[in-house]
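Student: Provided below: structure23.cif, containing mmCIF, C-alpha atoms.
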```cif
data_run
loop_
_atom_site.group_PDB
_atom_site.id
_atom_site.type_symbol
_atom_site.label_atom_id
_atom_site.label_comp_id
_atom_site.auth_asym_id
_atom_site.auth_seq_id
_atom_site.Cartn_x
_atom_site.Cartn_y
_atom_site.Cartn_z
ATOM 1 C CA MET C 1 46.860 188.139 -178.727
ATOM 2 C CA LEU C 2 45.991 189.443 -175.284
ATOM 3 C CA LEU C 3 43.425 192.199 -174.833
ATOM 4 C CA GLY C 4 45.915 194.459 -173.042
ATOM 5 C CA GLU C 5 48.370 194.116 -175.911
ATOM 6 C CA LEU C 6 45.629 194.913 -178.436
ATOM 7 C CA ARG C 7 44.605 198.033 -176.541
ATOM 8 C CA ALA C 8 48.234 199.169 -176.242
ATOM 9 C CA ARG C 9 48.766 198.725 -179.993
ATOM 10 C CA ALA C 10 45.577 200.655 -180.722
ATOM 11 C CA GLU C 11 46.457 203.513 -178.383
ATOM 12 C CA GLY C 12 49.934 203.650 -179.920
ATOM 13 C CA SER C 13 48.618 204.047 -183.456
ATOM 14 C CA GLY C 14 48.872 207.599 -184.755
ATOM 15 C CA PHE C 15 46.268 206.814 -187.406
ATOM 16 C CA TRP C 16 43.792 205.538 -184.841
ATOM 17 C CA ARG C 17 44.389 208.658 -182.723
ATOM 18 C CA LEU C 18 43.894 210.852 -185.809
ATOM 19 C CA LEU C 19 40.488 209.247 -186.411
ATOM 20 C CA GLY C 20 39.658 209.049 -182.715
ATOM 21 C CA MET C 21 39.006 205.302 -182.859
ATOM 22 C CA ARG C 22 38.111 203.728 -179.553
ATOM 23 C CA VAL C 23 38.243 200.050 -178.633
ATOM 24 C CA GLY C 24 35.049 198.757 -177.054
ATOM 25 C CA LYS C 25 34.166 195.179 -176.209
ATOM 26 C CA VAL C 26 36.699 192.607 -177.398
ATOM 27 C CA GLU C 27 36.517 188.840 -177.041
ATOM 28 C CA GLU C 28 37.939 185.926 -178.977
ATOM 29 C CA GLY C 29 37.031 186.353 -182.642
ATOM 30 C CA LYS C 30 34.958 189.496 -182.030
ATOM 31 C CA ALA C 31 35.661 193.202 -181.635
ATOM 32 C CA GLU C 32 33.793 196.473 -181.334
ATOM 33 C CA LEU C 33 35.341 199.803 -182.306
ATOM 34 C CA ALA C 34 33.818 203.281 -182.378
ATOM 35 C CA LEU C 35 34.597 206.775 -183.550
ATOM 36 C CA THR C 36 32.875 210.141 -183.651
ATOM 37 C CA VAL C 37 32.518 211.756 -187.076
ATOM 38 C CA SER C 38 34.120 215.188 -186.892
ATOM 39 C CA GLU C 39 34.157 218.166 -189.260
ATOM 40 C CA GLU C 40 37.590 217.092 -190.541
ATOM 41 C CA MET C 41 36.122 213.770 -191.726
ATOM 42 C CA MET C 42 33.490 215.350 -193.956
ATOM 43 C CA GLU C 43 33.420 215.280 -197.762
ATOM 44 C CA PRO C 44 32.432 218.423 -199.707
ATOM 45 C CA ASP C 45 28.879 217.037 -200.020
ATOM 46 C CA GLY C 46 28.437 217.113 -196.224
ATOM 47 C CA THR C 47 28.736 213.358 -195.626
ATOM 48 C CA ALA C 48 31.401 211.417 -193.777
ATOM 49 C CA SER C 49 34.363 210.256 -195.841
ATOM 50 C CA LYS C 50 33.929 206.713 -197.103
ATOM 51 C CA GLY C 51 37.624 206.188 -196.319
ATOM 52 C CA VAL C 52 36.968 206.827 -192.628
ATOM 53 C CA ILE C 53 34.158 204.257 -192.587
ATOM 54 C CA ALA C 54 36.286 201.739 -194.506
ATOM 55 C CA SER C 55 39.146 202.290 -192.035
ATOM 56 C CA LEU C 56 36.785 201.636 -189.132
ATOM 57 C CA ILE C 57 35.695 198.337 -190.717
ATOM 58 C CA ASP C 58 39.265 197.290 -191.524
ATOM 59 C CA SER C 59 40.454 198.122 -188.014
ATOM 60 C CA ALA C 60 37.554 196.360 -186.275
ATOM 61 C CA VAL C 61 37.986 193.166 -188.282
ATOM 62 C CA GLY C 62 41.758 193.367 -187.803
ATOM 63 C CA VAL C 63 41.319 193.494 -184.029
ATOM 64 C CA ALA C 64 38.868 190.568 -184.127
ATOM 65 C CA VAL C 65 41.379 188.522 -186.156
ATOM 66 C CA ALA C 66 44.237 189.517 -183.830
ATOM 67 C CA THR C 67 42.376 188.037 -180.841
ATOM 68 C CA ARG C 68 42.986 184.600 -182.338
ATOM 69 C CA LEU C 69 46.673 185.002 -183.178
ATOM 70 C CA GLU C 70 49.706 183.679 -181.372
ATOM 71 C CA PRO C 71 52.104 186.222 -179.832
ATOM 72 C CA GLY C 72 54.394 187.772 -182.441
ATOM 73 C CA MET C 73 51.903 187.343 -185.286
ATOM 74 C CA ARG C 74 49.873 190.117 -186.927
ATOM 75 C CA PRO C 75 47.113 190.433 -189.521
ATOM 76 C CA VAL C 76 47.951 192.293 -192.729
ATOM 77 C CA THR C 77 45.035 193.433 -194.880
ATOM 78 C CA VAL C 78 45.095 191.962 -198.388
ATOM 79 C CA GLN C 79 41.499 192.676 -199.413
ATOM 80 C CA LEU C 80 38.722 194.945 -198.179
ATOM 81 C CA LYS C 81 35.192 195.161 -199.576
ATOM 82 C CA VAL C 82 32.771 197.739 -198.206
ATOM 83 C CA SER C 83 29.137 198.438 -199.010
ATOM 84 C CA PHE C 84 28.042 201.952 -198.047
ATOM 85 C CA LEU C 85 24.311 201.710 -197.345
ATOM 86 C CA LEU C 86 23.318 205.119 -195.947
ATOM 87 C CA PRO C 87 25.006 208.527 -195.855
ATOM 88 C CA VAL C 88 26.497 209.574 -192.527
ATOM 89 C CA LYS C 89 26.264 213.248 -191.587
ATOM 90 C CA ARG C 90 27.651 213.423 -188.045
ATOM 91 C CA GLY C 91 27.725 211.560 -184.755
ATOM 92 C CA ASP C 92 29.053 208.300 -183.398
ATOM 93 C CA LEU C 93 29.687 205.204 -185.481
ATOM 94 C CA ARG C 94 30.154 201.713 -184.045
ATOM 95 C CA ALA C 95 31.628 198.761 -185.922
ATOM 96 C CA VAL C 96 31.032 195.224 -184.701
ATOM 97 C CA ALA C 97 33.320 192.649 -186.302
ATOM 98 C CA THR C 98 33.392 188.854 -186.288
ATOM 99 C CA VAL C 99 35.934 186.393 -187.650
ATOM 100 C CA VAL C 100 34.239 184.007 -190.100
ATOM 101 C CA HIS C 101 37.348 182.052 -191.173
ATOM 102 C CA GLN C 102 40.615 181.511 -189.335
ATOM 103 C CA GLY C 103 43.156 179.579 -191.353
ATOM 104 C CA GLU C 104 46.839 179.032 -190.830
ATOM 105 C CA ASP C 105 47.842 181.833 -193.201
ATOM 106 C CA VAL C 106 44.602 183.636 -194.121
ATOM 107 C CA SER C 107 41.768 185.001 -191.975
ATOM 108 C CA VAL C 108 38.457 186.557 -193.049
ATOM 109 C CA GLY C 109 36.073 188.685 -191.040
ATOM 110 C CA ILE C 110 32.919 190.725 -191.476
ATOM 111 C CA ALA C 111 31.730 193.929 -189.833
ATOM 112 C CA GLU C 112 28.614 196.047 -189.595
ATOM 113 C CA VAL C 113 28.749 199.785 -188.921
ATOM 114 C CA LYS C 114 25.775 201.436 -187.247
ATOM 115 C CA ASP C 115 25.142 205.071 -186.416
ATOM 116 C CA GLU C 116 24.022 206.336 -183.021
ATOM 117 C CA SER C 117 20.385 205.694 -184.000
ATOM 118 C CA GLY C 118 21.177 202.040 -184.641
ATOM 119 C CA ARG C 119 20.806 202.335 -188.430
ATOM 120 C CA LEU C 120 23.063 200.075 -190.486
ATOM 121 C CA VAL C 121 25.137 202.525 -192.546
ATOM 122 C CA ALA C 122 27.819 200.191 -193.935
ATOM 123 C CA CYS C 123 29.015 196.622 -193.904
ATOM 124 C CA GLY C 124 32.182 194.996 -195.083
ATOM 125 C CA MET C 125 34.390 191.963 -195.380
ATOM 126 C CA ALA C 126 38.147 191.912 -194.952
ATOM 127 C CA THR C 127 40.782 189.291 -195.718
ATOM 128 C CA TYR C 128 44.103 189.208 -193.887
ATOM 129 C CA LEU C 129 47.379 187.442 -194.424
ATOM 130 C CA VAL C 130 48.690 186.325 -191.061
ATOM 131 C CA SER C 131 52.412 187.046 -190.802
ATOM 132 C CA GLU C 132 55.174 187.398 -188.285
ATOM 133 C CA ALA C 133 55.347 190.928 -186.920
ATOM 134 C CA ARG C 134 58.408 192.856 -188.092
ATOM 135 C CA ARG C 135 59.748 196.118 -186.801
ATOM 136 C CA SER C 136 59.670 199.123 -189.097
ATOM 137 C CA ARG C 137 63.022 200.400 -190.273
#
```
Would you write the structure of this file as structure tokens?

Tutor:
Amino acid sequence: MLLGELRARAEGSGFWRLLGMRVGKVEEGKAELALTVSEEMMEPDGTASKGVIASLIDSAVGVAVATRLEPGMRPVTVQLKVSFLLPVKRGDLRAVATVVHQGEDVSVGIAEVKDESGRLVACGMATYLVSEARRSR
């Protein structure tokens, strides 16, 4: 999938806009995404929602996988495993994702999430079924 098409899909995603996800460097099999943790993303204990961090990992790996797909194909998440290593209070998070397996029907990627100090706060692995893109009804 072409970089311009990936960026257009990302910018067109209401969910990505809601989280403020931004596409950084993208190359074949690799992707970098970022977001800024806002007040709305906080849990009652004062830390960032684990769902926000998991979504960042899933999205980053999904973009990395998409860089290797033919036009008209899309990755669909079938499994996501995340390890939350440190609490996140506020600030910018950056996920760097890499494809580790690209099969005909299944792709797997890994991602690390670091805070603005460069501390590793989470890591994850995602598995995707590669399917033909269909329009929503």

Student: What gap, in Å, lies between atom CA of Leu93 of chain C and atom CA of Val37 of chain C?

Tutor: 7.3 Å

Student: Need to verify the contact set: Glu132 of chain C, 9 Å, all atoms listed in the file, exclusion of same-chain residues closer than 4 positions in sequence. Can you return it as JSON, numbers by chain?

Tutor: {"C": [72, 73, 74, 75]}

Student: Distance atom CA of Gly46 of chain C-atom CA of Arg90 of chain C, one decimal place?

Tutor: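 Between these atoms lies a distance of 9.0 Å.
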
Student: Evaluate the PyMOL selection byres ((chain C and resi 122-125) around 6) here and jot the selected residues down as an MDAnalysis selection string.

Tutor: chainID C and resid 80:85 109:113 120:121 126

Student: Using 3 Å of padding on each side, determine the axis-aligned box around all atoms of segment 114-126 of chain C present in the file and give its centre and edge lengths in Å to one decimal, as lines of an AutoDock Vina configuration file.

Tutor:
```
center_x = 29.3
center_y = 199.1
center_z = -189.2
size_x = 23.8
size_y = 20.4
size_z = 18.4
```

Student: One decimal, Å: what's the distance from atom CA of Met42 of chain C over to atom CA of Ser117 of chain C, could you say?

Tutor: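 It comes out at 19.1 Å.
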